[in-house]
Structure formats: structure tokens, C-alpha cells
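Read through the structure below, which is laid out as C-alpha cells, and then see the notes.
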Amino acid sequence: MRTSRFPLNTVKETPADAELMSHKLMLRAGMLKKLGAGLYTWTPLGLRVMRKVEAVVREEMDRSGAMEMLMPTVQPKELWEETGRWQKFGGQLLKIRDRKEQEYCFGPTAEEVVTDWARSELRSYKQLPLNVYQIQTKFRDEIRPRFGIMRAREFLMKDAYSFHADQASLDAEYQNMYDTYARIFTRLGLKFRAVKADTGAIGGSASHEFQVLADSGEDAIVFSDGSDYTANMELAEALPPAGNRPAPSAELKLVDTPTQKTIEEVSAFLKVDPKQCVKTLIVRGERGLVALCLRGDHEINETKAAKLPELPGESVLADEGEIWKAIKCKPGFIGPVQLPADMPVIVDRDAAALADFVCGGNQAGKHYTGANWDRDARVTSVVDLRKVQVGDASPDGKGKLDIARGIEVGHVFSLGDKYAKAMGASVLDQTGKQVTLLMGCYGIGVSRIVAAAIEQNHDERGIIWPAPLAPFDLALLPLNMAKSEKLKAAAEKLYAELQAMGYQVLMDDRDLRPGPMFADAELIGVPHRLVLSERGLDAGTIEYKGRTDADKQDIPAAQIMEFLKPRIRS
RNA sequence: CGGGGUGUAGCUCAGCCUGGUAGAGCACUACGUUCGGGACGUAGGGGCCGCAGGUUCAAAUCCUGUCACCCCGACCA
């Protein structure tokens, strides 16, 4: 490719609304152009990179035995009603109508469509197991799209679905996909971890997330320093504290805390450790208000709270009005002592291990000291409710937990019969009996990987592509080519030779000064750079520099191909 | 959905308070000089000042409404 014929629109200034480095660099390099909130045009440069990601994903999926297919992005409402997700998927589901007022959605995922296909195509256990995948545009109407293509509304995803007659077959395919994903992310040159995850809205029994490690990641990954335990924050269990709760030794006393509402303020004012305080959150579930109690230094894990039998379905923090109606008290002074008799009091295991603690007094400007469970405060149940913290004991008993940030680029789910049952997808087994299909589903965020790779690989000059993702293998920069016929001829000759080797070459024939040429090649992250100059021609050398090399080196022109061969995979 | 903010040239922004017919830098075009790390000069092209009403002799500027986008929060493969 010649730069004179390639729309290379690099800019020096960073667009104002970009925050993440990957977003800034993709805009500066001219890979993306925003069309609307969470909607992006991929330029020829950007698309070259995304196609590279796709190629690796496709190759490894094919190698795993899965088969590519393609389903529509627009999906009829009726299918989504069969699984109940027309309602349950919520606002993320973009609903649309055609000219006949028929309702459709723009597919955020394709379980319904693929299960519909399977129930009409699959008749016998002999056709199983089967794994089909597609690489297709998805749309999720995110409440707040941000970070460029990292959390876009329209994005490219590889989604695979497997079908099985028995659990052993599903388990084997789940492992096969897990291994395939590990191969894909390794080939893409990404540093990643597979972590145990909650099954969330998709549902099912087992699940792993593949997280690319990056400080800017939106997800917290928990791992042990003493074993191979990993989990995402939602799932990571906080072990119960060792030892029994001490017996009460203090009197329950109501003390004045005129303006102190937060744990920090109260603990500083009363000169007690936040670890000796209990915070109480009032949550509204479908069956009314519920009190959740945590130790002062701990944070609620909403995913764990959502699994409580007292909080089926959706729940949110109660607002001031509701709380006032139930307790006659404003948030900030709420505690577990003397709550209404019909309000469940769910206590985290660490909070439940406290004696003589500080908590809200259930009246403005008051807190209790010397409070004790059972004696002063009713306990409905004791559960694990909190987010784990750095230094907590690992749930497997080996080592301590640490927390890193990650970007979710892949997710594997063992779905069981959830969708097949709802949609009546079954086959005949060996004994002639109808059996409901078991399914797995396996997603990779193809467009997100492009951003994740940049988060992990960049410097102050721009992007540093892992070789398999680079839009071009090497940049050929002839300096002041317009001034020298000799140089021009040499550049054209070398350009042709490099292409004949199978390399994807970007030759800069724009007749720019050297500075901008170097800057562009570095910004767009081309891994290898060759510079041709009069000086080099006279000396019989070509200059080479790798994107991450500290120094350039002069290579005898006759040996350049031999020099490049081990460095560039054609 | 709650809170905050911004819409002026392809990009980054000034002008708005105090109304008088639109600016800078980058990018783009032409010519000249320059030529190994984002050069310089000269001359150009490019804007319904988000949209719709209103006030006024006169609106980018004041008022009302509306739309879009961004940030923080809650939510989420």
C-alpha cells in the first residue's frame, strides 16, 4: 500500500471527548470516526486491524471443530417472547418496528435465533455434538456508552453455540472452548487471565471470563498469591472470619453524632475503628424493604445480594421517602437495632462476628455504641454479602487475595437446558426418547480486543501492535524520494521485492519531510521500519528499526531480506 | 434515570458577560524556500455559530423550548 493512495488521517491533537489511551490513539491514528453515541465508523486502517483479529479467531474456532454460520442482526419479537427475554433483557434491547408494525429487536446476542434453528434442524443425537459460530455485528443499547469502541453500542462479536445430548458432552466442549480461547488470546499477544464468573443475565451453570489485564479495565479480577484461584469480583467469596463472636461486654448506649452520617465521619468523631462499626443499607426488593448489614470498612457485593431469597428479582437502594415511612429516620443514621419486625435483617458474616459495635441509632443525629447482635438487634440470616478486599484469605485456603483490573474480551458459559427447554429444542436419544438439548455459549468481543490490545501495548509515540494485529508488517520510508530518481527507483524495487515476500508493506510516497513520516509510522504502530536515503544508497545500506527498538541499525542492502525473514512472519 | 457540562470550519478552541453582519492554531489547495524526528513565507478555499420560536432597527451573543453529545453516579456479555 502507498500512503498516497491510502486514507491515512492522523492528527496531532487528541479529540476532546476521549479518555482512555486506546480511544485517544485510535482517534489520533485515524482508525475510528464517531458517528453517534457508541456508534463508530471503522476506517480502512482500523478495519485492517479488526480483520486481523477476526482471522485469528476464525482460524482457531475452525480448528476447534466449530462451524461458521451467519444469522440476521434483526430478530423477530416472537422468539424473544418464548424465552421471556423480550421483557427481561431490559433497556439494552433495541426494539424496532417494520412498515407493517411488526416488532423486532436488533440482536444483542443470538441464543434465541440459534436455538430456533437447532430445533428445526436437529433431530437425532447422532447429529451431536455440534458447535456453530458467527462473527456478526451486535447492538446493545448501553445506558452509557464510553471509551470509544471499548464499550460501544454497536460492536463486532464472535458468538458460538454448542448443542449436546448429555452433560458429559457439554462439559467436554466447554473445556474445548476454554482451551481454544486461551490459544486465541495467546496468539493475539495479549496478557490475560481466565476467571470464574457469575452467570448473570445469560443464565446457566458454569462460566469463565477471559480478562485482558490493564489498569484502565472496568472489571476487578480477584486472584490468590498462593494458588491458581481466580474469580471476578462479583463471584469471589469472602471466607467467614475465624473464631467465635466475643460475648457482649458493653452496655447499649445512644450517643450524639449531630452531623456525622458516613462511617468515616462517625468513626473519626467517636474515635473508633471503622472495623468496629456496622453500616446498614435499606434495599427495596419485590417483597418490600430489606436491611443489609456490613462491617464499616466493607462494601456491598450487589451480585451476592441479588441471590438472597429475600430479594428475588430486581432490587435497588430504597429512597429517602420509603425509608422514612418504614423507620422514621433519614439515611445516615440507620442501624439494625429496633428495625420494624417485618423487615428482614441480612448480616454479612464479618459484620455478624462483631460484638460491642457502633451503628446508626435510627433517629437523626444519634448512633449506638456497645450494640450486640441478638441481645440488641434481630438477625434474619448471616451470609456472605461483601466484596473481597486485598489481603483477604483465598477461598481455597491457599494464600491471600490480590485484585487486578481487567477488560473482558471473552466469556464462556455452560447454559444447560435453559434456552432449549424454553423453546422446545430436543432430539431423540439412543433409546428413542425425546431429550432436551443442552447448550453452551461462547463469546469474544472482536472489536473490543482491538482497544484492549492498545491499552496493553502503547508508548508516548503511539500504538505498538502485537505482530498478528498490525495493519501493516512494515513501513518503507524513502527520504526525499521526489528529489532523486535513483532513490525513487531503489524504493520501488524494494517495495516490489518486499511484497513478493508476502509482506504487507506501507510505503510512504507522500514527499513529506522525515519527521512526519516517522511520527505517522510510529503512531499507527507498524512493527518494522525501513528507511531508504541517498546516504544509505551511497553506502549500500538500508536502515532498520523495530517499533520497540532503542536504536536503528544499518543493514547491507544485499542482506536485507535475510535480515527481515526471521523478524517478520509473512 | 439523577447530578454537572458542552454545542461556532474536518480537528482543538476563542468570541457570548456588555447585541452591530465570524476569528485563531492545526488540517486542506497553489507557488517558493527548506529536507534524517511533526519547517517557513506568500496567496487561497472552507462556517444557516445544533435546531425552532421569541425580544430587538439589529442576535453566535439576550429569553423560551427542543435535540444531540460529554462527564460523574446507579446499571451491564
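Residues are referred to by chain and number: the chain letter is A, B, ... according to the order shown in the C-alpha cells, the number counts from 1 in that chain, and ligands are numbered separately from 1 in the order shown.
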Exercise for review: Using only C-alpha atoms (C1' of nucleotides), find the residues of chain B whose closest atom to chain A is at most 7 Å away, then write them as a ChimeraX atom specification.
Suggested key: /B:12,35-38,70
Keeping only N, CA and C atoms (P, O5', C5', C4', C3', O3' and C1' of nucleotides), write the selected residues as an mmCIF file, in the first residue's frame.
data_model
loop_
_atom_site.group_PDB
_atom_site.id
_atom_site.type_symbol
_atom_site.label_atom_id
_atom_site.label_comp_id
_atom_site.auth_asym_id
_atom_site.auth_seq_id
_atom_site.Cartn_x
_atom_site.Cartn_y
_atom_site.Cartn_z
ATOM 1 P P U B 12 -12.475 18.110 18.336
ATOM 2 O "O5'" U B 12 -11.311 19.091 18.816
ATOM 3 C "C5'" U B 12 -10.170 18.586 19.499
ATOM 4 C "C4'" U B 12 -9.311 19.729 19.950
ATOM 5 C "C3'" U B 12 -10.041 20.814 20.734
ATOM 6 O "O3'" U B 12 -10.221 20.473 22.090
ATOM 7 C "C1'" U B 12 -8.677 21.812 19.088
ATOM 8 P P C B 35 17.930 22.183 3.333
ATOM 9 O "O5'" C B 35 17.158 20.899 3.844
ATOM 10 C "C5'" C B 35 16.819 20.739 5.216
ATOM 11 C "C4'" C B 35 15.978 19.487 5.343
ATOM 12 C "C3'" C B 35 16.733 18.243 4.861
ATOM 13 O "O3'" C B 35 16.540 17.183 5.765
ATOM 14 C "C1'" C B 35 14.692 18.497 3.669
ATOM 15 P P G B 36 17.690 16.074 5.988
ATOM 16 O "O5'" G B 36 16.838 14.946 6.737
ATOM 17 C "C5'" G B 36 15.777 15.288 7.631
ATOM 18 C "C4'" G B 36 15.843 14.382 8.840
ATOM 19 C "C3'" G B 36 17.062 14.615 9.722
ATOM 20 O "O3'" G B 36 16.746 14.307 11.072
ATOM 21 C "C1'" G B 36 17.118 12.428 8.915
ATOM 22 P P G B 37 15.984 15.260 12.019
ATOM 23 O "O5'" G B 37 14.518 14.718 11.683
ATOM 24 C "C5'" G B 37 13.414 15.608 11.548
ATOM 25 C "C4'" G B 37 12.425 15.341 12.655
ATOM 26 C "C3'" G B 37 12.906 15.752 14.044
ATOM 27 O "O3'" G B 37 11.774 16.190 14.797
ATOM 28 C "C1'" G B 37 12.385 13.470 14.044
ATOM 29 P P G B 38 11.228 17.689 14.404
ATOM 30 O "O5'" G B 38 10.102 17.383 13.348
ATOM 31 C "C5'" G B 38 9.004 16.573 13.713
ATOM 32 C "C4'" G B 38 7.835 16.911 12.841
ATOM 33 C "C3'" G B 38 7.247 18.302 13.101
ATOM 34 O "O3'" G B 38 6.719 18.761 11.860
ATOM 35 C "C1'" G B 38 5.610 16.632 13.487
ATOM 36 P P C B 70 -21.326 10.681 23.830
ATOM 37 O "O5'" C B 70 -20.511 11.605 24.837
ATOM 38 C "C5'" C B 70 -19.210 12.070 24.509
ATOM 39 C "C4'" C B 70 -18.718 13.005 25.575
ATOM 40 C "C3'" C B 70 -18.729 12.445 26.988
ATOM 41 O "O3'" C B 70 -17.622 11.615 27.245
ATOM 42 C "C1'" C B 70 -19.659 14.609 27.011
#
Could you pull the residues within 9 Å of B:G19, counting only C-alpha atoms (C1' of nucleotides), minus those fewer than 4 positions along the same chain, as a PDB file with C-alpha atoms (C1' of nucleotides), in the first residue's frame?
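Everything below was put into around.pdb:
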ATOM      1  C1'   U B  56     -34.890  43.928  19.060  1.00  0.00           C
ATOM      2  C1'   A B  58     -30.176  44.589  14.500  1.00  0.00           C
ATOM      3  C1'   A B  59     -28.996  38.023  17.679  1.00  0.00           C
ATOM      4  C1'   U B  61     -24.280  36.862  21.760  1.00  0.00           C
ATOM      5  C1'   C B  62     -30.443  38.067  25.442  1.00  0.00           C
TER       6        C B  62
END
Exercise for review: Write out as a PyMOL selection string the residues lying within 10 Å of A:Gly288, counting only C-alpha atoms (C1' of nucleotides) and excluding same-chain residues fewer than 3 positions away.
Suggested key: chain A and resi 283-285+310-311+315+318+322+342-344
Write out, as a CSV table (one decimal), in the first residue's frame, the residues just selected, with C-alpha atoms.
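What landed in result32.csv:
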chain,number,residue,atom,x,y,z
A,283,VAL,CA,-32.9,-2.1,49.8
A,284,ARG,CA,-36.2,-2.3,48.1
A,285,GLY,CA,-37.0,-5.7,46.6
A,310,GLU,CA,-35.4,-12.2,50.5
A,311,LEU,CA,-34.5,-10.2,47.4
A,315,SER,CA,-33.7,-4.6,43.8
A,318,ALA,CA,-34.5,2.5,48.8
A,322,GLU,CA,-39.5,4.9,51.6
A,342,ASP,CA,-41.4,-7.4,59.3
A,343,MET,CA,-38.1,-6.2,57.8
A,344,PRO,CA,-35.6,-8.9,57.1
Practice item. Within stretch 302-492 of chain A, find each residue whose DSSP state, derived from the backbone, is strand (DSSP E or B), and express the selection as a ChimeraX atom specification. Key: /A:316-317,337,345-348,357-360,366-371,373,377,381-383,386,393,400-416,426-428,434-436,438-445,458-459,462-463,474-478
**Study point:** Test item: residues at most 7 Å from stretch 452-458 of chain A, only C-alpha atoms (C1' of nucleotides), excluding those fewer than 6 positions along its chain, as a list in words
**Key:**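 Contacts, with the query itself left out: Met21, Ser22, Leu190, Val212, Ala214, Ile407, Ile464 and Trp465 of chain A.
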Those same residues - N, CA and C atoms - I'd like them written as a PDB file, in the first residue's frame.
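Here's the written file result_39.pdb:
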ATOM      1  N   MET A  21      -6.540   5.725  26.875  1.00  0.00           N
ATOM      2  CA  MET A  21      -5.434   5.820  25.928  1.00  0.00           C
ATOM      3  C   MET A  21      -5.783   5.121  24.615  1.00  0.00           C
ATOM      4  N   SER A  22      -6.428   3.978  24.690  1.00  0.00           N
ATOM      5  CA  SER A  22      -6.751   3.258  23.455  1.00  0.00           C
ATOM      6  C   SER A  22      -7.699   4.088  22.585  1.00  0.00           C
ATOM      7  N   LEU A 190      -1.797 -11.131  23.813  1.00  0.00           N
ATOM      8  CA  LEU A 190      -2.371 -10.402  24.937  1.00  0.00           C
ATOM      9  C   LEU A 190      -2.045 -11.088  26.258  1.00  0.00           C
ATOM     10  N   VAL A 212      -8.410  -9.345  29.739  1.00  0.00           N
ATOM     11  CA  VAL A 212      -7.107  -8.790  29.373  1.00  0.00           C
ATOM     12  C   VAL A 212      -6.686  -7.852  30.500  1.00  0.00           C
ATOM     13  N   ALA A 214      -5.302  -4.858  32.345  1.00  0.00           N
ATOM     14  CA  ALA A 214      -4.993  -3.454  32.059  1.00  0.00           C
ATOM     15  C   ALA A 214      -5.501  -2.607  33.222  1.00  0.00           C
ATOM     16  N   ILE A 407     -10.065  -6.134  31.310  1.00  0.00           N
ATOM     17  CA  ILE A 407     -11.043  -5.826  30.273  1.00  0.00           C
ATOM     18  C   ILE A 407     -11.595  -7.157  29.786  1.00  0.00           C
ATOM     19  N   ILE A 464       1.704   0.181  19.701  1.00  0.00           N
ATOM     20  CA  ILE A 464       2.713  -0.842  19.406  1.00  0.00           C
ATOM     21  C   ILE A 464       1.971  -2.145  19.177  1.00  0.00           C
ATOM     22  N   TRP A 465       1.609  -2.433  17.927  1.00  0.00           N
ATOM     23  CA  TRP A 465       0.795  -3.625  17.682  1.00  0.00           C
ATOM     24  C   TRP A 465       1.569  -4.903  17.937  1.00  0.00           C
TER      25      TRP A 465
END
Point to revise | Shortest interatomic distance to A:Trp80 - which of A:Ala220, A:Ala242, A:Ala182, A:Met423, counting only C-alpha atoms | key: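 Between A:Ala220, A:Ala242, A:Ala182, A:Met423, the residue approaching A:Trp80 most closely is A:Met423.
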Long-range neighbours of B:G73 as a CSV table (one decimal) with C-alpha atoms (C1' of nucleotides), in the first residue's frame, 12 Å cut-off, only C-alpha atoms (C1' of nucleotides), 3 positions minimum in chain:
chain,number,residue,atom,x,y,z
A,144,ARG,CA,-23.8,5.0,29.0
B,1,C,C1',-32.9,7.7,35.3
B,2,G,C1',-30.4,11.6,39.0
B,3,G,C1',-26.4,15.4,39.1
B,4,G,C1',-23.0,18.5,36.2
**Study point:** In stretch 59-265 of chain A, DSSP helix (DSSP H, G or I) residues written as number ranges by chain
**Key:** A: 59-63, 77-82, 85-88, 90-92, 111-121, 125-127, 148-150, 167-187, 200-202, 263-265
Check your understanding: Between A:Gly84, A:Pro248, A:Pro331, A:Gly399, which has the minimum distance to A:Gly226 (counting only C-alpha atoms)?
Key -> A:Gly399
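If you look at atom CA of A:Gly365 and atom CA of A:Leu281, they are 17.4 Å away from each other.
When only C-alpha atoms are used to measure the gap to A:Leu32, the shortest distance among A:Leu401, A:Phe185, A:Ser447, A:Asp319 belongs to A:Ser447.
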